[in-house]
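Containing PDB, C-alpha atoms and all ligand atoms: structure-v3.pdb.
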```
ATOM      1  CA  MET A 860       4.907 -25.877 -22.673
ATOM      2  CA  ILE A 861       3.751 -24.254 -19.476
ATOM      3  CA  THR A 862       0.194 -23.121 -19.333
ATOM      4  CA  GLY A 863      -1.675 -21.823 -16.372
ATOM      5  CA  LYS A 864      -4.301 -19.560 -14.994
ATOM      6  CA  ILE A 865      -3.553 -17.203 -12.161
ATOM      7  CA  VAL A 866      -6.202 -15.525 -10.101
ATOM      8  CA  LEU A 867      -5.438 -13.067  -7.341
ATOM      9  CA  TYR A 868      -8.135 -12.364  -4.849
ATOM     10  CA  GLY A 869      -8.871  -8.881  -3.619
ATOM     11  CA  ASN A 870      -5.888  -6.847  -4.727
ATOM     12  CA  LYS A 871      -6.047  -7.545  -8.392
ATOM     13  CA  THR A 872      -7.507 -10.237 -10.533
ATOM     14  CA  ILE A 873      -5.145 -11.655 -13.057
ATOM     15  CA  THR A 874      -6.033 -14.228 -15.613
ATOM     16  CA  GLY A 875      -3.599 -15.312 -18.249
ATOM     17  CA  LYS A 876      -1.562 -17.980 -19.867
ATOM     18  CA  ASN A 877       2.078 -18.535 -19.138
ATOM     19  CA  SER A 878       3.141 -20.171 -22.324
ATOM     20  CA  PHE A 879       6.469 -21.218 -23.658
ATOM     21  CA  ASN A 880       7.919 -22.152 -27.073
ATOM     22  CA  GLY A 881       7.600 -18.679 -28.542
ATOM     23  CA  ILE A 882       4.069 -17.904 -27.418
ATOM     24  CA  LYS A 883       3.797 -14.636 -25.532
ATOM     25  CA  ILE A 884       2.469 -14.307 -21.991
ATOM     26  CA  THR A 885      -0.828 -12.504 -21.883
ATOM     27  CA  HIS A 886      -2.369 -11.160 -18.721
ATOM     28  CA  MET A 887      -5.553  -9.265 -18.117
ATOM     29  CA  LEU A 888      -5.272  -7.068 -15.074
ATOM     30  CA  THR A 889      -8.163  -5.682 -13.117
ATOM     31  CA  LEU A 890      -7.058  -3.310 -10.438
ATOM     32  CA  SER A 891      -8.932  -3.360  -7.167
ATOM     33  CA  THR A 892     -10.648  -0.245  -5.822
ATOM     34  CA  ALA A 893     -10.884   1.487  -2.449
ATOM     35  CA  ALA A 894     -13.967  -0.660  -1.886
ATOM     36  CA  THR A 895     -12.409  -4.003  -2.854
ATOM     37  CA  MET A 896      -8.660  -3.862  -2.135
ATOM     38  CA  THR A 897      -7.546  -6.307   0.532
ATOM     39  CA  LEU A 898      -6.521  -4.754   3.814
ATOM     40  CA  ASP A 899      -3.846  -7.103   5.041
ATOM     41  CA  GLY A 900      -0.981  -4.674   5.663
ATOM     42  CA  GLY A 901      -1.252  -5.297   9.402
ATOM     43  CA  ASN A 902      -1.449  -1.568  10.172
ATOM     44  CA  VAL A 903      -3.914   1.048   8.924
ATOM     45  CA  CYS A 904      -1.149   3.323   7.632
ATOM     46  CA  LEU A 905       0.318   0.479   5.546
ATOM     47  CA  ASP A 906      -3.079  -0.279   4.004
ATOM     48  CA  PHE A 907      -3.404   3.433   3.254
ATOM     49  CA  ILE A 908       0.022   3.471   1.554
ATOM     50  CA  ASN A 909      -0.870   0.348  -0.450
ATOM     51  CA  SER A 910      -3.881   2.159  -1.912
ATOM     52  CA  GLY A 911      -1.479   3.992  -4.233
ATOM     53  CA  TYR A 912       0.534   1.114  -5.583
ATOM     54  CA  HIS A 913       0.227  -1.641  -8.130
ATOM     55  CA  GLN A 914       0.037  -5.281  -7.328
ATOM     56  CA  LEU A 915       2.563  -6.312  -9.924
ATOM     57  CA  GLU A 916       4.243  -3.449 -11.706
ATOM     58  CA  THR A 917       6.243  -0.569 -10.313
ATOM     59  CA  ASP A 918       3.834   2.021 -11.727
ATOM     60  CA  GLU A 919       1.594   3.794  -9.273
ATOM     61  CA  ALA A 920      -1.967   2.555  -9.256
ATOM     62  CA  GLU A 921      -4.290   5.114  -7.785
ATOM     63  CA  ARG A 922      -7.326   3.842  -5.879
ATOM     64  CA  LEU A 923      -8.176   7.141  -4.205
ATOM     65  CA  HIS A 924      -9.600   9.112  -7.106
ATOM     66  CA  THR A 925     -11.953  11.247  -5.030
ATOM     67  CA  TYR A 926     -12.379  12.328  -1.420
ATOM     68  CA  ALA A 927     -15.290   9.873  -1.293
ATOM     69  CA  ASP A 928     -12.836   7.043  -2.108
ATOM     70  CA  PHE A 929     -10.602   8.237   0.721
ATOM     71  CA  LEU A 930     -13.569   8.256   3.103
ATOM     72  CA  LEU A 931     -14.610   4.788   1.989
ATOM     73  CA  LEU A 932     -11.152   3.441   2.736
ATOM     74  CA  ALA A 933     -11.113   5.258   6.095
ATOM     75  CA  ARG A 934     -14.434   3.635   6.958
ATOM     76  CA  ARG A 935     -13.164   0.190   5.939
ATOM     77  CA  LEU A 936     -10.100   0.761   8.126
ATOM     78  CA  ASP A 937     -12.430   1.664  10.986
ATOM     79  CA  LEU A 938     -10.941   5.151  11.330
ATOM     80  CA  ILE A 939     -14.391   6.737  11.287
ATOM     81  CA  SER A 940     -17.844   5.619  12.327
ATOM     82  CA  ALA A 941     -20.651   5.135   9.808
ATOM     83  CA  SER A 942     -22.297   8.368  10.960
ATOM     84  CA  TRP A 943     -19.028  10.344  10.641
ATOM     85  CA  HIS A 944     -18.588   8.848   7.167
ATOM     86  CA  ASP A 945     -21.999  10.161   6.109
ATOM     87  CA  ASP A 946     -21.434  13.546   7.766
ATOM     88  CA  LEU A 947     -18.019  13.958   6.150
ATOM     89  CA  LEU A 948     -19.403  12.981   2.761
ATOM     90  CA  GLN A 949     -22.024  15.692   3.126
ATOM     91  CA  LEU A 950     -19.393  18.182   4.286
ATOM     92  CA  ALA A 951     -17.244  17.336   1.252
ATOM     93  CA  THR A 952     -20.202  17.992  -1.047
ATOM     94  CA  GLN A 953     -20.675  21.399   0.577
ATOM     95  CA  HIS A 954     -16.940  22.225   0.416
ATOM     96  CA  PRO A 955     -15.591  20.441  -2.680
ATOM     97  CA  GLN A 956     -12.417  22.523  -2.911
ATOM     98  CA  LYS A 957     -11.468  21.847   0.704
ATOM     99  CA  ALA A 958     -12.155  18.138   0.226
ATOM    100  CA  ALA A 959     -10.000  18.064  -2.932
ATOM    101  CA  ALA A 960      -7.185  19.812  -1.042
ATOM    102  CA  VAL A 961      -7.333  17.202   1.741
ATOM    103  CA  LEU A 962      -7.211  14.390  -0.833
ATOM    104  CA  SER A 963      -4.219  15.990  -2.524
ATOM    105  CA  LYS A 964      -2.465  16.362   0.842
ATOM    106  CA  ALA A 965      -3.270  12.734   1.699
ATOM    107  CA  ARG A 966      -1.663  11.512  -1.534
ATOM    108  CA  LYS A 967       1.446  13.619  -0.914
ATOM    109  CA  ILE A 968       1.823  12.225   2.618
ATOM    110  CA  ARG A 969       1.184   8.706   1.300
ATOM    111  CA  THR A 970       4.054   9.045  -1.198
ATOM    112  CA  ALA A 971       6.357  10.386   1.524
ATOM    113  CA  LEU A 972       5.428   7.462   3.794
ATOM    114  CA  TYR A 973       6.005   4.900   1.038
ATOM    115  CA  ASN A 974       9.464   6.371   0.475
ATOM    116  CA  LEU A 975      10.242   6.501   4.199
ATOM    117  CA  PHE A 976       9.359   2.840   4.721
ATOM    118  CA  THR A 977      11.023   1.556   1.547
ATOM    119  CA  THR A 978      14.285   3.498   1.981
ATOM    120  CA  ARG A 979      14.752   2.720   5.682
ATOM    121  CA  CYS A 980      17.689   0.407   5.002
ATOM    122  CA  ASP A 981      19.247   2.493   2.248
ATOM    123  CA  ALA A 982      21.937   5.152   2.317
ATOM    124  CA  ASP A 983      20.593   8.606   1.545
ATOM    125  CA  PRO A 984      23.102  10.216  -0.803
ATOM    126  CA  ASP A 985      20.547  12.313  -2.673
ATOM    127  CA  GLY A 986      18.710  13.509   0.433
ATOM    128  CA  ARG A 987      15.524  11.684  -0.588
ATOM    129  CA  ARG A 988      14.851  10.494   2.925
ATOM    130  CA  THR A 989      15.447  13.954   4.323
ATOM    131  CA  GLY A 990      12.948  15.436   1.878
ATOM    132  CA  ASN A 991      10.308  12.855   2.747
ATOM    133  CA  LEU A 992      10.949  13.354   6.454
ATOM    134  CA  ARG A 993      10.334  17.064   5.950
ATOM    135  CA  VAL A 994       6.947  16.343   4.323
ATOM    136  CA  PHE A 995       5.961  13.939   7.088
ATOM    137  CA  ASN A 996       7.161  16.179   9.913
ATOM    138  CA  ALA A 997       5.019  19.032   8.541
ATOM    139  CA  ALA A 998       2.031  16.645   8.606
ATOM    140  CA  LEU A 999       2.963  15.643  12.151
ATOM    141  CA  GLN A1000       2.903  19.268  13.314
ATOM    142  CA  ASP A1001      -0.604  19.703  11.889
ATOM    143  CA  MET A1002      -1.681  16.496  13.610
ATOM    144  CA  TRP A1003      -0.318  17.410  17.063
ATOM    145  CA  LYS A1004      -2.204  20.718  16.922
ATOM    146  CA  GLN A1005      -5.407  18.661  16.929
ATOM    147  CA  ARG A1006      -4.524  16.522  19.963
ATOM    148  CA  LYS A1007      -5.271  17.193  23.613
ATOM    149  CA  LEU A1008      -5.193  15.451  26.965
ATOM    150  CA  THR A1009      -8.483  14.722  28.710
ATOM    151  CA  PHE A1010      -9.534  13.089  31.975
ATOM    152  CA  GLU A1011     -12.338  10.588  31.492
ATOM    153  CA  ASP A1012     -13.409   7.361  33.184
ATOM    154  CA  GLY A1013     -10.907   7.923  35.977
ATOM    155  CA  ARG A1014      -7.818   8.257  33.768
ATOM    156  CA  TYR A1015      -5.947  10.647  31.496
ATOM    157  CA  GLN A1016      -6.487  10.031  27.822
ATOM    158  CA  SER A1017      -5.191  11.374  24.551
ATOM    159  CA  ALA A1018      -8.028  12.703  22.404
ATOM    160  CA  TRP A1019      -8.874  14.796  19.364
ATOM    161  CA  LYS A1020      -9.732  18.464  19.855
ATOM    162  CA  HIS A1021     -12.432  18.539  17.179
ATOM    163  CA  PRO A1022     -15.700  17.118  18.524
ATOM    164  CA  LYS A1023     -17.488  17.443  15.176
ATOM    165  CA  PRO A1024     -16.669  15.805  11.811
ATOM    166  CA  HIS A1025     -13.562  17.403  10.338
ATOM    167  CA  LEU A1026     -12.501  16.839   6.702
ATOM    168  CA  GLU A1027      -8.898  16.107   7.699
ATOM    169  CA  HIS A1028      -9.821  13.754  10.535
ATOM    170  CA  PRO A1029      -9.125  10.432   8.713
ATOM    171  CA  LEU A1030      -5.796  11.804   7.457
ATOM    172  CA  LEU A1031      -4.797  12.989  10.934
ATOM    173  CA  GLN A1032      -5.521   9.506  12.259
ATOM    174  CA  LEU A1033      -3.366   7.951   9.560
ATOM    175  CA  VAL A1034      -0.517  10.348  10.342
ATOM    176  CA  LEU A1035      -0.752   9.404  14.031
ATOM    177  CA  ALA A1036      -0.736   5.684  13.160
ATOM    178  CA  ALA A1037       2.262   6.140  10.839
ATOM    179  CA  TYR A1038       4.141   8.109  13.496
ATOM    180  CA  SER A1039       3.466   5.422  16.106
ATOM    181  CA  LEU A1040       4.734   2.716  13.756
ATOM    182  CA  LEU A1041       7.778   4.619  12.478
ATOM    183  CA  ALA A1042       8.813   5.589  16.007
ATOM    184  CA  SER A1043       8.496   2.048  17.370
ATOM    185  CA  ARG A1044      10.625  -1.085  17.168
ATOM    186  CA  ALA A1045       7.988  -2.501  14.811
ATOM    187  CA  GLN A1046       9.430  -0.246  12.076
ATOM    188  CA  HIS A1047      11.941  -3.075  11.504
ATOM    189  CA  ASP A1048       9.103  -5.492  10.797
ATOM    190  CA  VAL A1049       7.664  -3.505   7.900
ATOM    191  CA  LYS A1050       8.452  -5.367   4.693
ATOM    192  CA  GLN A1051       7.677  -5.037   1.039
ATOM    193  CA  CYS A1052       5.977  -7.960  -0.682
ATOM    194  CA  GLN A1053       8.253  -9.559  -3.261
ATOM    195  CA  GLY A1054       5.282 -10.134  -5.492
ATOM    196  CA  CYS A1055       3.366  -6.873  -5.567
ATOM    197  CA  LEU A1056       5.322  -4.111  -3.794
ATOM    198  CA  TRP A1057       2.714  -3.748  -1.081
ATOM    199  CA  LEU A1058       3.926  -3.061   2.423
ATOM    200  CA  PHE A1059       3.002  -5.314   5.327
ATOM    201  CA  LEU A1060       3.898  -5.781   8.956
ATOM    202  CA  ASP A1061       5.671  -9.096   9.390
ATOM    203  CA  GLN A1062       4.327 -10.457  12.669
ATOM    204  CA  SER A1063       5.389 -14.031  12.018
ATOM    205  CA  LYS A1064       7.371 -15.794  14.764
ATOM    206  CA  ASN A1065      10.708 -15.897  12.935
ATOM    207  CA  HIS A1066      10.095 -12.744  10.852
ATOM    208  CA  SER A1067      10.578 -14.646   7.618
ATOM    209  CA  ARG A1068       7.424 -13.633   5.780
ATOM    210  CA  ARG A1069       8.072 -12.566   2.188
ATOM    211  CA  TRP A1070       4.584 -12.104   0.765
ATOM    212  CA  CYS A1071       1.608  -9.965   1.694
ATOM    213  CA  ASP A1072      -0.438 -13.045   0.881
ATOM    214  CA  MET A1073       1.023 -16.481   0.130
ATOM    215  CA  GLN A1074      -2.020 -17.634  -1.805
ATOM    216  CA  SER A1075      -1.858 -14.807  -4.316
ATOM    217  CA  CYS A1076       1.614 -13.252  -4.420
ATOM    218  CA  GLY A1077       3.586 -16.290  -3.248
ATOM    219  CA  SER A1078       2.072 -18.519  -5.925
ATOM    220  CA  LEU A1079       2.383 -15.844  -8.562
ATOM    221  CA  VAL A1080       6.074 -15.183  -7.964
ATOM    222  CA  LYS A1081       6.847 -18.905  -7.957
ATOM    223  CA  SER A1082       4.969 -19.284 -11.227
ATOM    224  CA  ARG A1083       6.811 -16.298 -12.718
ATOM    225  CA  ARG A1084      10.206 -17.672 -11.640
ATOM    226  CA  TYR A1085       9.340 -21.088 -13.084
ATOM    227  CA  TYR A1086       8.481 -19.486 -16.405
ATOM    228  CA  GLN A1087      11.700 -17.419 -16.441
ATOM    229  CA  ARG A1088      13.759 -20.517 -15.626
ATOM    230  CA  LYS A1089      12.112 -22.457 -18.455
ATOM    231  CA  LYS A1090      12.695 -19.556 -20.818
ATOM    232  CA  ALA A1091      16.379 -19.390 -19.865
ATOM    233  CA  ASP A1092      16.730 -23.179 -20.304
ATOM    234  CA  GLY A1093      15.096 -22.919 -23.741
ATOM    235  CA  ALA A1094      17.397 -20.083 -24.799
ATOM    236  CA  ALA A1095      20.434 -22.055 -23.641
ATOM    237  CA  LYS A1096      19.281 -25.113 -25.611
ATOM    238  CA  GLN A1097      18.716 -23.017 -28.727
ATOM    239  CA  GLY A1098      22.175 -21.523 -28.319
ATOM    240  CA  ARG A1099      23.728 -24.992 -28.128
ATOM    241  CA  THR A1100      21.725 -26.164 -31.177
ATOM    242  CA  GLY A1101      22.776 -23.086 -33.147
ATOM    243  CA  LYS A1102      26.422 -23.656 -32.327
ATOM    244  CA  ALA A1103      26.274 -27.305 -33.411
ATOM    245  CA  ALA A1104      24.648 -26.366 -36.703
ATOM    246  CA  LYS A1105      27.521 -24.040 -37.561
TER
HETATM  247 ZN    ZN B1201       1.855  -9.106  -2.390
END
```
Could I get this structure in the form of structure tokens?
Amino acid sequence: MITGKIVLYGNKTITGKNSFNGIKITHMLTLSTAATMTLDGGNVCLDFINSGYHQLETDEAERLHTYADFLLLARRLDLISASWHDDLLQLATQHPQKAAAVLSKARKIRTALYNLFTTRCDADPDGRRTGNLRVFNAALQDMWKQRKLTFEDGRYQSAWKHPKPHLEHPLLQLVLAAYSLLASRAQHDVKQCQGCLWLFLDQSKNHSRRWCDMQSCGSLVKSRRYYQRKKADGAAKQGRTGKAAK
């Protein structure tokens, strides 16, 4: 019999028993929130994408339920200052429909980005990549409209046109970060964790990283494989016993 307790830190807490000999596996899952999810994607746009995905299953797991959640994540990713966070929160309260529209747009772009990163190595027979590129390119156009060139501190600099808090500002920053990553050689270093589906930038020396976090996902996948192997061994034994009995 295999028994164990698994605890994941940050992303999701899982406690359960991996049992064998006919006893079912039971897991209690507690999904992290925008305030508690770990931010170890290695790039702000990857952490943003991960906010919409589960740690273990393929189902989507929404962490951005409100514009306030989106702002909280943007603050944690250091995309906005504390004062901009407070100003934008106030602005969202004054213009709830606009804030909801920005959140909806952010989720749509997040889905497109997830698909773009995860289908990079695939063929595109159904035009899925093309469709997602269309969504992202539309977001890019909106973003470039808000950029300008300035001359400050003795050098030219790229800057935002809007000097005051702007509801779309965190999203525009994420689009810029995603564009920079997708258009760079580092696009080849974006990987999907084998344990939880989260995306991360593999900056290891030999580019052999397989987990977003070895302590949580690495251990979990090894434990899961061990259980599956034991289950297969047990089934094979039962099959042999059954055959002998006949
Ligand atoms: Zn993982």
I need the output of the PyMOL selection byres (((chain A and resi 1057-1072) around 9) and not hetatm) for this file as a ChimeraX atom specification; which residues are they? /A:899-902,905-906,908-910,912-914,973,976-977,1045-1056,1073-1077
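Straight-line separation from CA of Ser1039 in chain A to CA of Cys904 in chain A: 9.9 Å.
Atom to atom, CA of Arg935 in chain A and CA of Thr895 in chain A stand 9.8 Å apart.
Using only C-alpha atoms, the protein and nucleic acid residues lying at most 12 Å from the point (-2.5, 6.6, 17.3) are Asn902, Val903, Cys904, Leu938, Leu999, Met1002, Trp1003, Arg1006, Gln1016, Ser1017, Ala1018, Trp1019, Pro1029, Leu1030, Leu1031, Gln1032, Leu1033, Val1034, Leu1035, Ala1036, Ala1037, Tyr1038, Ser1039, Leu1040, Leu1041, Ala1042 and Ser1043 of chain A.
With distances restricted to all atoms listed in the file, A:Lys967 is the closest residue to Asn991 in chain A from A:Lys1004, A:Lys967, A:Lys1020, A:Arg1088.
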Matched chain/residue IDs from the PyMOL selection byres (((chain A and resi 922-932) around 10) and not hetatm), as number ranges by chain: A: 890-896, 898, 903, 906-907, 909-913, 919-921, 933-939, 941, 943-945, 947-949, 951-952, 955, 957-963, 965-966, 1026, 1028-1030
